[in-house]
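Quick notes on the structure that follows.
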Amino acid sequence: MSIIKFLDEFTSDNLKDRGSSRRDALNTFSSLGKKAAMAAVPFGLGAVSQKARATTTAFQNDSITDALQLALTLEYLEAEFYNKALDSGVLPTGKPEQIYMQIAKHENAHVTLLQTALGSSSIPSPEFDFTAGGLFDPFNEDGTGQETAYGQLLALAQAFEDTGVRAYKGQAGNVMSNPDVLTTALQIHSVEARHASEIRRLRSLDGWITLNERGDNMPSQTQAVYNGEENLIQGGVDVSTLGSGDPFTAAASSQAYDEILTGQEASDIAGLFIVQ
Amino acid sequence: MKNKKIKVEEAVSRGSRNSRRRFLKMSGLAVAGTGLLLSCSDDDDFTEPTDPDPDVFDLGAGDLGVLNYAYALEQLEAEFYTRVLNGSYWSGAAMEEKNILQDLYNHEVNHREFFNAALNENFDADVVLPSSLEFDFSSVDFNNRDSVLSTAQLLEDTGVKAYNGAGKLIETGTYLVIAGKIVSVEARHAAAIRSIRGGDMDDFKLFAGDDIIDSSGLDGAENPSVIIEAAGGFITTPFTANELP
């Protein structure tokens with residue numbers, strides 16, 4: 001799907017007749033800068049009726065609320081993953097553990113921020129299965145061994161962070177009608193990108209994505225995270241044709257721009273780790 | 001009207017001075033709708049806005065202003081890494097650092113040429129920021145590792161804050177998404193440079209350190225006026241941003 005086509009789909013006016021809960025959510029978001037607003041809204045109001053929204057098919061409708069619910073689902077996934085990683089005993093102390101501690105701190109803060117922003121439209125956390133149905137054993141719960149488990153901890157972290165970057169980017173257009181929401185989403189988005197860079201470097205990869213390469217020792221199941229990253233056309237122009245030499249190779253031209261994931265693509269990836 | 005390679009729906013009819021006036025007027029209204037005040041939007045009879053100093057380039061308003069602003073920042077970054085790759089620190093650097101800085105050079109040059117192309121395909125040449133901004137990097141020692149890496153960190157962190165703060169000023173979804181595609185790469189750069197520097201001092205959290213990420217887990221976001229003030233020390237070609245916040 002072209003970007004123009006994708007953008008056309010969310011410029012419809014279906015945002016204008018939304019009910020009061022959305023306005024409340026946006027008003028809450030507008031005051032996010034005030035620390036006092038944090039945690040003021042009880043988490044999980046309306047949790048029962050909206051439980052289904054956290055499943056993989058819930059994000060068809062383009063709107064700010066849906067965008068933030070998708071974001072919250074991804075943050076739940078990341079926060080629980082890093083929290084369990086830190087509790088697992090699999091992470092080596094020193095640099096790896098320090099990195100995971102810093103990322104966990106941010107992902108947990110993002111959960112709180114988005115719950116507060118959504119207010120009564122917040123959703124409960126899905127139940128996650130980080131083995132993806134038995135494919136992985138990142139916390140060494142099934143006796144796969146420390147070394148294998150650690151490799152999987154790193155690989156899954158990379159997949160989650162690179163997904164997060166693409167998913168937030170894919171929602172930018174959906175929230176651009178509200179400057180406060182957009183700015184906050186961008187401020188989360190770049191933090192996810194910092195995380196992605198560091199996890200990739202911890203795995204001895206570049207911090208950036210070359211073409212659609214998932215990188216050495218990444219499970220083939222993570223390829224969906226990287227499909228489309230090989231795109232060279234930005235705003236209708238092939239950026240590899242804008243000059244000659246190293247900056248304009250296909251590899252460099254793809255590295256220089258991260259691509260979006262649609263809401264559906266992002267929730268499909270997250271869905272691999274959600275218990276249905 | 002030019003035959004556009006870069007397609008932006010709202011970019012129609014900007015091919016003349018007259019249409020530029022309409023664009024300024026319209027974008028002024030659009031931005032005012034978000035609660036920001038613009039000096040150019042109280043012009044009842046559509047006369048050409050009075051330029052306070054006709055010899056100094058103004059970035060302009062709306063998408064044009066933001067694209068010119070991004071073009072200035074990418075020119076700055078590309079020039080910085082060009083000088084890094086011509087310095088003795090880089091030529092003798094450890095392979096990991098050498099590769100990172102080569103990649104950052106590649107990406108920033110690519111970004112610079114993208115904005116050059118996007119602006120010139122969609123706007124008149126006289127409202128596009130000149131491609132030849134001049135810079136003063138006399139405060140940087142390109143033969144010194146710490147001087148290069150600390151400046152790289154400053155520029156990359158500043159780039160992230162700049163794009164994060166400019167997102168809300170962008171009117172066209174296509175441009176917003178492209179800015180998003182670029183800012184996450186700037187953030188990846190910032191983290192890599194910080195990671196190298198953090199390793200020097202056993203601070204393994206510096207890639208997204210508490211000095212730059214707040215307690216809500218948010219990166220920075222600053223308006224153009226703040227960024228231009230901060231980056232101004234490196235840019236010697238004068239320009240104004242009278243129509244950006």
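Ligands are numbered from 1 in the order shown, residues from 1 within each chain, and chains are lettered A, B, ... in the order they appear in the structure tokens.
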inquiry  = Please identify all residues of chain B having at least one atom at most 8 Å from any atom of chain A, considering only C-alpha atoms, and return them as number ranges by chain.
reply    = B: 5-8, 34, 100, 103, 105-111, 113-114, 117-118, 160, 164-165, 167-168, 173-178, 180-185, 187-192, 195, 204-205, 207-209, 213, 215-221
message = Need the shell around range 135-141 of chain B: protein/DNA/RNA residues with any atom at most 6 Å away, counting only C-alpha atoms. Skip same-chain ones fewer than 2 positions apart. Format as a PyMOL selection string?
response = chain B and resi 143-144+147+234-236
ask   = A:Ile123, A:Ala157, A:Leu91, A:Val225: which is nearest Ala79 in chain A, counting only C-alpha atoms?
value =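 Once distances to Ala79 in chain A are computed over only C-alpha atoms, the minimum belongs to A:Ala157.
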task = Compile the contact shell of Asp137 in chain A as a VMD selection string: residues with an atom at most 9 Å away, counting only C-alpha atoms, same-chain residues fewer than 6 positions apart removed.
result = chain A and resid 130 to 131 143 to 145 148 to 149 152 to 153
task = Could you give me, as a ChimeraX atom specification, each residue of range 20-242 of chain A that DSSP assigns to alpha helix (DSSP H) when run on this structure's backbone?
result = /A:20-30,64-88,95-118,146-175,179-202
query = Quick one: distance from CA of Phe57 in chain B to CA of Thr240 in chain B in Å, one decimal?
reply =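 Taking CA of Phe57 in chain B as the start and CA of Thr240 in chain B as the end point, the length is 6.2 Å.
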